[in-house]
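*Asks:* Just query-v2.cif, nothing more (mmCIF, C-alpha atoms):
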```
data_coords
loop_
_atom_site.group_PDB
_atom_site.id
_atom_site.type_symbol
_atom_site.label_atom_id
_atom_site.label_comp_id
_atom_site.auth_asym_id
_atom_site.auth_seq_id
_atom_site.Cartn_x
_atom_site.Cartn_y
_atom_site.Cartn_z
ATOM 1 C CA LEU A 1 174.752 304.532 69.900
ATOM 2 C CA VAL A 2 177.502 306.249 71.818
ATOM 3 C CA ALA A 3 175.876 309.576 72.677
ATOM 4 C CA ILE A 4 172.812 311.752 72.323
ATOM 5 C CA GLN A 5 173.202 315.464 72.845
ATOM 6 C CA VAL A 6 171.093 318.584 72.386
ATOM 7 C CA ASP A 7 172.902 321.417 70.608
ATOM 8 C CA GLN A 8 171.238 324.712 71.562
ATOM 9 C CA GLU A 9 173.242 326.782 69.106
ATOM 10 C CA SER A 10 172.175 324.838 66.017
ATOM 11 C CA THR A 11 168.764 323.839 67.491
ATOM 12 C CA SER A 12 169.495 320.204 66.866
ATOM 13 C CA LEU A 13 169.624 316.758 68.367
ATOM 14 C CA LEU A 14 172.949 314.990 67.769
ATOM 15 C CA VAL A 15 173.188 311.211 67.779
ATOM 16 C CA GLY A 16 176.659 309.679 67.801
ATOM 17 C CA THR A 17 177.105 306.121 66.560
ATOM 18 C CA THR A 18 179.863 303.602 66.079
ATOM 19 C CA ASN A 19 180.215 300.246 64.285
ATOM 20 C CA VAL A 20 177.048 300.879 62.276
ATOM 21 C CA GLN A 21 175.893 298.484 59.610
ATOM 22 C CA GLU A 22 173.456 299.664 56.954
ATOM 23 C CA SER A 23 170.158 299.957 58.787
ATOM 24 C CA THR A 24 167.218 302.176 59.699
ATOM 25 C CA LEU A 25 167.319 304.495 62.682
ATOM 26 C CA GLU A 26 163.978 305.227 64.285
ATOM 27 C CA ILE A 27 164.024 307.862 66.991
ATOM 28 C CA SER A 28 161.112 309.332 68.931
ATOM 29 C CA PHE A 29 161.345 312.381 71.113
ATOM 30 C CA PRO A 30 158.996 314.803 72.832
ATOM 31 C CA SER A 31 158.068 317.809 70.735
ATOM 32 C CA GLU A 32 158.974 319.905 73.782
ATOM 33 C CA LEU A 33 162.603 318.822 73.299
ATOM 34 C CA LEU A 34 162.961 319.643 69.602
ATOM 35 C CA ALA A 35 160.349 321.069 67.274
ATOM 36 C CA ALA A 36 160.265 322.229 63.672
ATOM 37 C CA GLN A 37 157.921 324.712 62.128
ATOM 38 C CA ASN A 38 155.475 322.884 59.815
ATOM 39 C CA ALA A 39 157.184 319.597 60.820
ATOM 40 C CA GLU A 40 160.053 320.417 58.458
ATOM 41 C CA PHE A 41 163.112 318.982 60.168
ATOM 42 C CA VAL A 42 166.472 318.727 58.441
ATOM 43 C CA VAL A 43 168.241 315.391 58.924
ATOM 44 C CA LEU A 44 171.966 315.100 58.268
ATOM 45 C CA VAL A 45 173.848 311.806 58.176
ATOM 46 C CA ASP A 46 177.572 312.451 58.553
ATOM 47 C CA GLY A 47 176.948 316.041 57.440
ATOM 48 C CA LEU A 48 174.937 315.221 54.303
ATOM 49 C CA GLU A 49 171.237 316.013 54.095
ATOM 50 C CA THR A 50 169.119 312.913 53.687
ATOM 51 C CA ASP A 51 165.469 311.960 53.232
ATOM 52 C CA TYR A 52 163.447 310.781 56.193
ATOM 53 C CA THR A 53 159.915 309.863 57.130
ATOM 54 C CA ILE A 54 158.116 311.362 60.076
ATOM 55 C CA THR A 55 155.068 310.253 62.018
ATOM 56 C CA TYR A 56 153.449 311.692 65.114
ATOM 57 C CA ALA A 57 152.029 310.012 68.208
ATOM 58 C CA ASP A 58 150.460 312.331 70.789
ATOM 59 C CA ASN A 59 152.123 315.303 69.043
ATOM 60 C CA ASN A 60 155.593 313.732 69.517
ATOM 61 C CA PRO A 61 157.604 313.091 66.351
ATOM 62 C CA THR A 62 159.149 309.788 65.328
ATOM 63 C CA ILE A 63 161.764 310.148 62.613
ATOM 64 C CA MET A 64 162.937 307.189 60.530
ATOM 65 C CA VAL A 65 166.068 307.511 58.413
ATOM 66 C CA GLN A 66 168.184 305.046 56.454
ATOM 67 C CA ILE A 67 171.781 305.107 57.651
ATOM 68 C CA PRO A 68 174.648 303.638 55.650
ATOM 69 C CA GLU A 69 177.445 301.500 57.005
ATOM 70 C CA ALA A 70 180.066 303.300 59.137
ATOM 71 C CA THR A 71 177.793 306.270 59.949
ATOM 72 C CA GLU A 72 179.242 308.271 62.845
ATOM 73 C CA GLU A 73 176.747 311.101 63.388
ATOM 74 C CA ILE A 74 173.089 311.787 62.749
ATOM 75 C CA GLU A 75 171.872 315.342 63.305
ATOM 76 C CA ILE A 76 168.206 316.262 63.455
ATOM 77 C CA ILE A 77 167.766 320.011 63.084
ATOM 78 C CA GLY A 78 164.600 321.783 64.152
ATOM 79 C CA THR A 79 163.607 325.383 64.710
ATOM 80 C CA THR A 80 163.369 325.298 68.511
ATOM 81 C CA VAL A 81 165.138 323.265 71.180
ATOM 82 C CA VAL A 82 164.578 323.078 74.931
ATOM 83 C CA PRO A 83 167.990 322.913 76.654
ATOM 84 C CA GLU A 84 166.749 322.149 80.155
ATOM 85 C CA PHE A 85 165.237 318.830 79.133
ATOM 86 C CA PRO A 86 166.020 316.148 81.746
ATOM 87 C CA LEU A 87 169.095 314.113 80.858
ATOM 88 C CA GLY A 88 167.515 310.941 82.238
ATOM 89 C CA VAL A 89 164.878 311.052 79.533
ATOM 90 C CA LEU A 90 167.588 311.469 76.896
ATOM 91 C CA ALA A 91 169.302 308.350 78.250
ATOM 92 C CA ILE A 92 166.041 306.406 78.010
ATOM 93 C CA MET A 93 165.562 307.666 74.451
ATOM 94 C CA GLY A 94 169.063 306.435 73.651
ATOM 95 C CA VAL A 95 168.287 302.945 74.917
ATOM 96 C CA VAL A 96 165.008 302.843 72.995
ATOM 97 C CA SER A 97 166.754 304.043 69.836
ATOM 98 C CA ALA A 98 169.497 301.452 70.227
ATOM 99 C CA MET A 99 166.860 298.747 70.547
ATOM 100 C CA ALA A 100 165.166 300.058 67.402
ATOM 101 C CA LEU A 101 168.470 299.771 65.537
ATOM 102 C CA VAL A 102 168.999 296.206 66.710
ATOM 103 C CA PHE A 103 165.479 295.145 65.802
ATOM 104 C CA SER A 104 165.647 296.856 62.407
ATOM 105 C CA LYS A 105 168.696 294.761 61.497
ATOM 106 C CA THR A 106 167.077 291.429 62.362
ATOM 107 C CA LYS A 107 165.265 289.713 59.559
ATOM 108 C CA PRO A 108 162.155 287.596 60.117
ATOM 109 C CA PHE A 109 162.516 283.865 59.663
ATOM 110 C CA LYS A 110 160.751 282.274 56.706
#
```
What does the file become when written as structure tokens?
*Replies:*
Amino acid sequence: LVAIQVDQESTSLLVGTTNVQESTLEISFPSELLAAQNAEFVVLVDGLETDYTITYADNNPTIMVQIPEATEEIEIIGTTVVPEFPLGVLAIMGVVSAMALVFSKTKPFK
């Protein structure tokens, strides 16, 4: 991960990546940051809409999406976004997401 940014204009969460191998991105965020009516987010990987799975813990969404090799941007589009969300929490989310990427690429030993 190189950056996570909230885009107020498009009501989305942008995730910038580099040197990506084919993997699964799992990202959790507070529903106060980004929400979608009827939990219908739109997820774009390098500008193309893609399928995703969503789960909720304490009303906060966790989105899992397959990302192909060399992906540069993932955009999660909702219907509402809170721009004044603390940047420190976004940084923590970035670290957690990066760890999820690393762990998703490791394979269990047999």
*Asks:* If the PyMOL selection byres ((chain A and resi 17) around 10) is run on the structure shown, which residues does it catch, given as a list of chain:residue names?
*Replies:*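 Selected by the PyMOL selection byres ((chain A and resi 17) around 10) in this file: A:Leu1, A:Val2, A:Ala3, A:Ile4, A:Leu14, A:Val15, A:Gly16, A:Thr18, A:Asn19, A:Val20, A:Ala70, A:Thr71, A:Glu72, A:Glu73, A:Ile74, A:Ala98.
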*Asks:* If you count only C-alpha atoms, which residues fall within 10 Å of segment 38-49 of chain A, apart from same-chain ones fewer than 3 positions away, as an MDAnalysis selection string?
*Replies:* chainID A and resid 12:16 34:35 52 54:56 61 63:68 70:79
*Asks:* Quick one: write out the picked residues with C-alpha atoms as a tab-separated table (two decimals), in the coordinates of the input?
*Replies:*
```
chain	number	residue	atom	x	y	z
A	12	SER	CA	169.50	320.20	66.87
A	13	LEU	CA	169.62	316.76	68.37
A	14	LEU	CA	172.95	314.99	67.77
A	15	VAL	CA	173.19	311.21	67.78
A	16	GLY	CA	176.66	309.68	67.80
A	34	LEU	CA	162.96	319.64	69.60
A	35	ALA	CA	160.35	321.07	67.27
A	52	TYR	CA	163.45	310.78	56.19
A	54	ILE	CA	158.12	311.36	60.08
A	55	THR	CA	155.07	310.25	62.02
A	56	TYR	CA	153.45	311.69	65.11
A	61	PRO	CA	157.60	313.09	66.35
A	63	ILE	CA	161.76	310.15	62.61
A	64	MET	CA	162.94	307.19	60.53
A	65	VAL	CA	166.07	307.51	58.41
A	66	GLN	CA	168.18	305.05	56.45
A	67	ILE	CA	171.78	305.11	57.65
A	68	PRO	CA	174.65	303.64	55.65
A	70	ALA	CA	180.07	303.30	59.14
A	71	THR	CA	177.79	306.27	59.95
A	72	GLU	CA	179.24	308.27	62.84
A	73	GLU	CA	176.75	311.10	63.39
A	74	ILE	CA	173.09	311.79	62.75
A	75	GLU	CA	171.87	315.34	63.30
A	76	ILE	CA	168.21	316.26	63.46
A	77	ILE	CA	167.77	320.01	63.08
A	78	GLY	CA	164.60	321.78	64.15
A	79	THR	CA	163.61	325.38	64.71
```
*Asks:* Could you please determine the separation between atom CA of Asp58 of chain A and atom CA of Val6 of chain A in Å, to one decimal place?
*Replies:* 21.6 Å
*Asks:* Excluding same-chain residues fewer than 2 positions from Thr62 of chain A, what lies within 10 Å of it counting all atoms listed in the file, as a ChimeraX atom specification?
*Replies:* /A:26-31,53-57,59-60,64
*Asks:* Using C-alpha atoms, can you export the residues from the last selection as a compact mmCIF listing (two decimals), keeping the file's coordinate frame?
*Replies:*
```txt
# COMPACT_ATOMS: atom_id res chain seq x y z
CA GLU A 26 163.98 305.23 64.28
CA ILE A 27 164.02 307.86 66.99
CA SER A 28 161.11 309.33 68.93
CA PHE A 29 161.34 312.38 71.11
CA PRO A 30 159.00 314.80 72.83
CA SER A 31 158.07 317.81 70.74
CA THR A 53 159.92 309.86 57.13
CA ILE A 54 158.12 311.36 60.08
CA THR A 55 155.07 310.25 62.02
CA TYR A 56 153.45 311.69 65.11
CA ALA A 57 152.03 310.01 68.21
CA ASN A 59 152.12 315.30 69.04
CA ASN A 60 155.59 313.73 69.52
CA MET A 64 162.94 307.19 60.53
```
